[in-house]
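Asks: Contents of coords.cif (mmCIF, C-alpha atoms) are below:
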```cif
data_final
#
loop_
_atom_site.label_atom_id
_atom_site.label_comp_id
_atom_site.auth_asym_id
_atom_site.auth_seq_id
_atom_site.Cartn_x
_atom_site.Cartn_y
_atom_site.Cartn_z
CA MET A 1 -7.96 85.42 65.34
CA THR A 2 -8.21 85.63 69.13
CA VAL A 3 -11.29 87.44 70.42
CA LYS A 4 -10.16 90.18 72.79
CA ARG A 5 -12.86 92.83 72.43
CA VAL A 6 -16.53 91.83 72.53
CA GLY A 7 -19.49 93.97 71.56
CA ILE A 8 -22.81 92.89 73.06
CA VAL A 9 -26.08 94.19 71.66
CA GLY A 10 -28.80 93.94 74.30
CA SER A 11 -28.61 94.76 77.99
CA GLY A 12 -31.26 92.41 79.35
CA ILE A 13 -30.63 89.44 81.63
CA MET A 14 -28.67 87.52 79.01
CA GLY A 15 -26.73 90.48 77.63
CA SER A 16 -25.65 91.65 81.07
CA GLY A 17 -24.79 88.10 82.13
CA ILE A 18 -22.61 87.54 79.06
CA ALA A 19 -20.95 90.92 79.63
CA GLU A 20 -20.07 89.94 83.20
CA THR A 21 -18.75 86.55 82.07
CA ALA A 22 -16.58 88.01 79.32
CA ALA A 23 -15.24 90.90 81.41
CA LYS A 24 -14.32 88.65 84.35
CA THR A 25 -12.24 86.48 82.02
CA GLY A 26 -10.18 89.37 80.67
CA HIS A 27 -12.16 90.50 77.61
CA GLU A 28 -12.84 94.13 76.82
CA VAL A 29 -16.64 94.53 76.60
CA VAL A 30 -18.77 97.15 74.88
CA LEU A 31 -22.35 96.75 76.07
CA ARG A 32 -24.90 98.48 73.89
CA SER A 33 -28.48 99.29 74.85
CA ARG A 34 -30.97 101.38 72.91
CA ARG A 35 -30.93 104.03 75.65
CA GLN A 36 -27.89 105.25 77.57
CA GLU A 37 -29.85 105.23 80.84
CA THR A 38 -30.58 101.52 80.39
CA ALA A 39 -26.96 100.77 79.54
CA ASP A 40 -25.79 102.67 82.64
CA ALA A 41 -28.36 100.86 84.80
CA THR A 42 -27.04 97.52 83.53
CA VAL A 43 -23.51 98.45 84.56
CA ALA A 44 -24.84 99.54 87.97
CA GLY A 45 -26.42 96.10 88.27
CA LEU A 46 -23.10 94.53 87.37
CA GLU A 47 -21.41 96.55 90.11
CA LYS A 48 -23.89 95.19 92.67
CA SER A 49 -23.40 91.62 91.42
CA LEU A 50 -19.64 91.86 91.68
CA ALA A 51 -19.83 93.52 95.10
CA LYS A 52 -21.89 90.60 96.41
CA GLN A 53 -19.29 88.18 95.07
CA VAL A 54 -16.59 90.10 96.96
CA GLU A 55 -18.66 89.96 100.16
CA LYS A 56 -19.03 86.20 99.80
CA GLY A 57 -15.31 85.74 99.19
CA LYS A 58 -15.80 84.52 95.63
CA LEU A 59 -13.98 87.47 94.05
CA SER A 60 -11.20 89.79 95.19
CA ASP A 61 -11.80 93.52 95.27
CA GLU A 62 -8.91 93.93 92.83
CA ASP A 63 -10.60 91.61 90.33
CA ARG A 64 -13.90 93.43 90.86
CA GLN A 65 -12.35 96.74 89.91
CA ALA A 66 -10.51 95.22 86.94
CA THR A 67 -13.73 93.63 85.66
CA LEU A 68 -15.64 96.90 85.86
CA GLY A 69 -12.79 98.68 84.12
CA ARG A 70 -13.20 96.42 81.10
CA VAL A 71 -16.88 97.28 80.55
CA THR A 72 -18.08 100.26 78.51
CA ALA A 73 -21.81 101.03 78.32
CA THR A 74 -23.19 102.84 75.29
CA SER A 75 -26.31 103.55 73.28
CA ASP A 76 -24.25 104.02 70.09
CA LEU A 77 -24.01 100.88 67.96
CA GLY A 78 -21.04 102.48 66.22
CA GLU A 79 -18.98 101.84 69.38
CA LEU A 80 -18.83 98.18 68.32
CA ALA A 81 -16.83 99.00 65.19
CA GLU A 82 -13.50 97.84 66.64
CA CYS A 83 -14.78 94.64 68.25
CA ASP A 84 -13.47 91.19 67.30
CA LEU A 85 -16.86 89.66 68.06
CA GLY A 86 -20.27 91.28 67.81
CA LEU A 87 -22.79 89.27 69.83
CA GLU A 88 -26.51 90.00 69.50
CA SER A 89 -28.64 89.18 72.53
CA ILE A 90 -31.98 90.94 72.05
CA VAL A 91 -35.60 89.75 72.06
CA GLU A 92 -36.34 86.49 70.22
CA ASP A 93 -37.82 88.20 67.18
CA LEU A 94 -36.36 87.34 63.79
CA GLY A 95 -37.20 90.69 62.23
CA ALA A 96 -35.54 92.64 65.02
CA LYS A 97 -32.46 90.43 64.90
CA ARG A 98 -32.18 90.80 61.12
CA GLN A 99 -32.11 94.56 61.52
CA VAL A 100 -29.33 94.34 64.12
CA PHE A 101 -27.23 92.07 61.88
CA ASN A 102 -27.73 94.38 58.93
CA GLU A 103 -26.44 97.30 61.00
CA LEU A 104 -23.54 95.33 62.53
CA ASP A 105 -22.46 94.18 59.08
CA ARG A 106 -22.30 97.81 57.98
CA ILE A 107 -20.45 99.01 61.08
CA CYS A 108 -17.98 96.24 61.97
CA ALA A 109 -14.71 95.39 60.21
CA THR A 110 -14.88 92.65 57.61
CA GLY A 111 -13.03 90.17 59.83
CA THR A 112 -15.35 90.61 62.82
CA ILE A 113 -17.40 87.57 63.77
CA LEU A 114 -21.11 88.36 64.06
CA ALA A 115 -22.91 86.00 66.41
CA THR A 116 -26.36 85.55 67.88
CA ASN A 117 -27.34 84.32 71.32
CA THR A 118 -30.66 83.01 70.00
CA SER A 119 -31.91 79.84 71.66
CA THR A 120 -34.11 78.69 68.80
CA LEU A 121 -34.23 80.88 65.67
CA PRO A 122 -32.42 79.90 62.42
CA VAL A 123 -28.94 81.41 62.35
CA ILE A 124 -28.75 81.15 58.56
CA GLU A 125 -31.51 83.77 58.29
CA LEU A 126 -29.22 86.23 60.09
CA ALA A 127 -26.09 85.17 58.22
CA MET A 128 -27.72 85.90 54.86
CA GLU A 129 -28.68 89.36 56.08
CA THR A 130 -24.97 90.22 55.95
CA GLY A 131 -22.25 90.39 53.33
CA ARG A 132 -20.13 88.00 55.42
CA PRO A 133 -22.21 84.84 55.93
CA GLU A 134 -19.04 82.81 56.44
CA ARG A 135 -18.30 84.92 59.58
CA VAL A 136 -21.71 84.43 61.23
CA CYS A 137 -22.60 81.76 63.80
CA GLY A 138 -24.58 81.14 66.97
CA VAL A 139 -22.96 81.52 70.40
CA HIS A 140 -25.76 80.49 72.75
CA PHE A 141 -25.09 81.10 76.45
CA PHE A 142 -27.52 79.83 79.10
CA ASN A 143 -29.16 81.75 81.93
CA PRO A 144 -27.59 82.78 84.27
CA ALA A 145 -24.58 83.17 81.98
CA PRO A 146 -21.98 83.70 84.76
CA VAL A 147 -23.00 80.40 86.36
CA MET A 148 -24.07 78.01 83.59
CA ALA A 149 -21.15 76.11 82.06
CA LEU A 150 -22.61 75.31 78.65
CA VAL A 151 -22.37 77.32 75.43
CA GLU A 152 -23.85 75.99 72.19
CA ILE A 153 -21.77 76.96 69.13
CA VAL A 154 -24.25 76.87 66.26
CA ARG A 155 -22.93 76.27 62.74
CA PRO A 156 -25.14 77.55 59.92
CA LEU A 157 -24.49 76.15 56.44
CA SER A 158 -22.55 79.29 55.51
CA ALA A 159 -20.07 79.40 58.42
CA SER A 160 -16.38 78.75 57.84
CA ASP A 161 -14.33 76.34 59.94
CA ASP A 162 -12.22 79.27 61.17
CA THR A 163 -15.32 81.11 62.42
CA ILE A 164 -16.53 78.11 64.40
CA ALA A 165 -13.06 77.47 65.81
CA GLU A 166 -12.69 81.11 66.92
CA ALA A 167 -16.17 81.15 68.48
CA ARG A 168 -15.38 77.94 70.32
CA ALA A 169 -12.07 79.36 71.56
CA PHE A 170 -13.91 82.45 72.85
CA ALA A 171 -16.36 80.30 74.82
CA GLU A 172 -13.47 78.31 76.29
CA ALA A 173 -11.65 81.55 77.20
CA CYS A 174 -14.82 82.53 79.10
CA GLY A 175 -14.41 79.34 81.16
CA LYS A 176 -17.30 77.57 79.44
CA SER A 177 -17.76 74.09 77.98
CA PRO A 178 -18.76 74.62 74.33
CA VAL A 179 -20.56 72.04 72.19
CA GLU A 180 -20.98 72.34 68.45
CA VAL A 181 -24.41 71.86 66.89
CA LYS A 182 -25.87 72.35 63.44
CA ASP A 183 -28.33 75.11 62.75
CA GLN A 184 -31.61 73.40 63.61
CA ALA A 185 -34.43 74.82 65.74
CA GLY A 186 -33.80 74.34 69.44
CA PHE A 187 -30.24 73.15 68.86
CA ILE A 188 -29.52 70.48 71.54
CA VAL A 189 -30.82 71.64 74.89
CA ASN A 190 -34.10 73.31 73.95
CA ALA A 191 -34.96 70.59 71.43
CA LEU A 192 -34.88 68.09 74.30
CA LEU A 193 -36.00 70.33 77.18
CA PHE A 194 -39.15 71.98 75.84
CA PRO A 195 -41.06 68.83 74.84
CA TYR A 196 -40.51 67.73 78.47
CA LEU A 197 -41.83 71.05 79.81
CA ASN A 198 -44.74 70.98 77.37
CA ASN A 199 -45.69 67.46 78.43
CA ALA A 200 -45.59 68.49 82.08
CA VAL A 201 -48.23 71.14 81.28
CA ARG A 202 -50.22 68.45 79.44
CA LEU A 203 -50.19 66.21 82.54
CA LEU A 204 -51.46 69.12 84.62
CA GLU A 205 -54.13 70.07 82.07
CA ASN A 206 -55.35 66.45 81.93
CA GLY A 207 -55.53 66.22 85.71
CA VAL A 208 -52.98 63.41 85.97
CA ALA A 209 -51.29 65.06 88.96
CA SER A 210 -51.08 68.43 90.70
CA ARG A 211 -48.52 71.12 89.96
CA ASP A 212 -46.69 70.49 93.24
CA ASP A 213 -46.66 66.71 92.85
CA ILE A 214 -45.31 66.91 89.28
CA ASP A 215 -42.53 69.26 90.40
CA THR A 216 -41.75 67.07 93.42
CA ALA A 217 -41.70 63.92 91.27
CA MET A 218 -39.21 65.32 88.75
CA LYS A 219 -36.92 66.68 91.45
CA GLY A 220 -37.04 63.52 93.54
CA GLY A 221 -37.18 60.98 90.72
CA CYS A 222 -34.74 62.53 88.23
CA GLY A 223 -32.56 64.62 90.50
CA PHE A 224 -33.45 67.86 88.70
CA PRO A 225 -32.72 71.03 90.72
CA MET A 226 -36.21 72.36 90.02
CA GLY A 227 -39.48 70.98 88.72
CA PRO A 228 -40.89 71.76 85.26
CA PHE A 229 -43.34 74.41 86.48
CA GLN A 230 -40.68 76.16 88.53
CA LEU A 231 -38.46 76.15 85.45
CA LEU A 232 -41.21 77.42 83.14
CA ASP A 233 -41.83 80.32 85.53
CA LEU A 234 -38.11 81.09 85.60
CA VAL A 235 -37.71 81.00 81.81
CA GLY A 236 -40.96 82.90 81.25
CA LEU A 237 -44.11 81.36 79.83
CA ASP A 238 -44.07 83.72 76.84
CA THR A 239 -40.47 82.78 76.03
CA SER A 240 -41.32 79.10 76.45
CA LEU A 241 -44.30 79.41 74.12
CA ALA A 242 -42.20 81.21 71.50
CA ILE A 243 -39.59 78.44 71.63
CA LEU A 244 -42.22 75.72 71.26
CA ASP A 245 -43.83 77.55 68.35
CA ALA A 246 -40.45 77.87 66.61
CA LEU A 247 -39.74 74.17 67.15
CA TYR A 248 -43.14 73.21 65.81
CA ASP A 249 -42.89 75.52 62.80
CA GLU A 250 -39.66 73.86 61.70
CA GLN A 251 -40.30 70.22 62.63
CA ARG A 252 -44.11 69.89 62.50
CA ASP A 253 -43.74 67.33 65.27
CA PRO A 254 -46.92 67.12 67.45
CA ASN A 255 -44.66 66.80 70.49
CA TYR A 256 -43.70 70.45 69.97
CA ALA A 257 -47.29 71.72 69.66
CA ALA A 258 -47.86 73.95 72.69
CA VAL A 259 -50.48 72.69 75.12
CA PRO A 260 -53.56 75.00 75.11
CA LEU A 261 -53.20 75.77 78.83
CA LEU A 262 -49.75 77.28 78.23
CA ARG A 263 -51.02 79.46 75.40
CA ARG A 264 -53.99 80.67 77.47
CA MET A 265 -51.77 81.55 80.42
CA VAL A 266 -49.61 83.68 78.13
CA THR A 267 -52.75 85.40 76.82
CA ALA A 268 -53.74 86.08 80.43
CA GLU A 269 -50.24 87.58 81.00
CA LEU A 270 -49.41 84.95 83.62
CA LEU A 271 -45.81 84.87 82.45
CA GLY A 272 -43.97 83.57 85.51
CA ARG A 273 -41.54 85.26 87.87
CA LYS A 274 -41.07 88.41 85.80
CA ALA A 275 -44.84 89.05 85.93
CA GLY A 276 -45.21 88.10 89.60
CA LYS A 277 -47.42 85.14 88.75
CA GLY A 278 -47.32 82.10 86.48
CA PHE A 279 -47.80 78.53 87.64
CA TYR A 280 -46.76 79.91 91.06
CA ASP A 281 -47.66 83.19 92.73
CA TYR A 282 -44.63 85.38 93.52
CA HIS A 283 -46.55 88.24 95.13
CA ARG A 284 -46.72 86.43 98.44
#
```
Output the file's structure as structure tokens, nothing else.
Replies:
Amino acid sequence: MTVKRVGIVGSGIMGSGIAETAAKTGHEVVLRSRRQETADATVAGLEKSLAKQVEKGKLSDEDRQATLGRVTATSDLGELAECDLGLESIVEDLGAKRQVFNELDRICATGTILATNTSTLPVIELAMETGRPERVCGVHFFNPAPVMALVEIVRPLSASDDTIAEARAFAEACGKSPVEVKDQAGFIVNALLFPYLNNAVRLLENGVASRDDIDTAMKGGCGFPMGPFQLLDLVGLDTSLAILDALYDEQRDPNYAAVPLLRRMVTAELLGRKAGKGFYDYHR
């Protein structure tokens, strides 16, 4: 089956980014938010994003209009009934995701692939919430979805070969470079990335070097586009902590145990860019 119509549950940064990516590559998109006002605001944000791309010469006005014409915003989950792929991209909370998958399983046709954009949580837990575990997988885009080339296709034990092949073909049709990975916490990227970020916080907490010098060292010495503290602030310290906790819960590897400083900063609501302050101050 070729995925032509995509239903996206969640209108946050990731949901809206995936919607833009899919719509620009010719897919019909139904973007669902819990409130119609939020869904409409997300489409308004998409309009601004596309308009900027036209101004910069990266997109024609004809393509801008065609992209917008492929996106429908709704608060009604039932609007996803005719989708070939239902992609959940809500908060990283297993209970909330289970509820979404239960509802999607009830609403969508039996052949519809149900996928999650989770970065860490076990996909099998969501697959077994449905009556079609063989049609459930992970399709993990990276932020910002319109720019980042990678998509992790996550295969739970229950997924069929056809499901994985169709999910991979969808990612390729979106212009992405998919990699296949088994259903293990953190998959590839986060399993390698977050111990590095955690250890950067450990160096800072132990007074080995300053925040600025650690960021400068990793950019200058490894060629990274941003340092670990800049990246933690971009991802969000609360999201980073949740990922580390999920990795540790599954692996019980001390390398995944969140450094106390990170946990205390989350408690203090110093969450990074979205809060205006994290390791850096964004109010200035």
Asks: Report as a count of residues only the full result of the PyMOL selection byres ((chain A and resi 20-35) around 7) when it is applied to this structure.
Replies: 31
Asks: Quick one: apply the PyMOL selection byres ((chain A and resi 151) around 7) to the file and drop the selected residues here as JSON, numbers by chain.
Replies: {"A": [139, 140, 141, 142, 149, 150, 152, 153, 171, 176, 177, 178, 179]}
Asks: Kindly indicate which residue among A:Ala115, A:Leu241, A:Glu125, A:Cys108 lies nearest to Asn190 in chain A, using all atoms listed in the file for the distances.
Replies: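 Under the stated criterion, the closest residue is A:Leu241.
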Asks: For Ala96 in chain A, find every residue with an atom within 12 Å (counting all atoms listed in the file), except residues of its own chain fewer than 4 positions away, and show them as a list in words.
Replies: Val9, Gly10, Glu88, Ser89, Ile90, Val91, Glu92, Val100, Phe101, Asn102, Glu103, Thr116, Thr118, Leu121, Glu125, Leu126 and Glu129 of chain A
Asks: Kindly give the distance, in Å, that separates CA of Gln251 in chain A and CA of Thr267 in chain A, rounded to a single decimal.
Replies: 24.2 Å
Asks: For each of A:Met14, A:Val54, A:Ala257, A:Val154, take the minimum atom-to-atom distance to Thr42 in chain A, counting only C-alpha atoms, then give the residue where this is smallest.
Replies: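 Smallest separation from Thr42 in chain A among the options: A:Met14.
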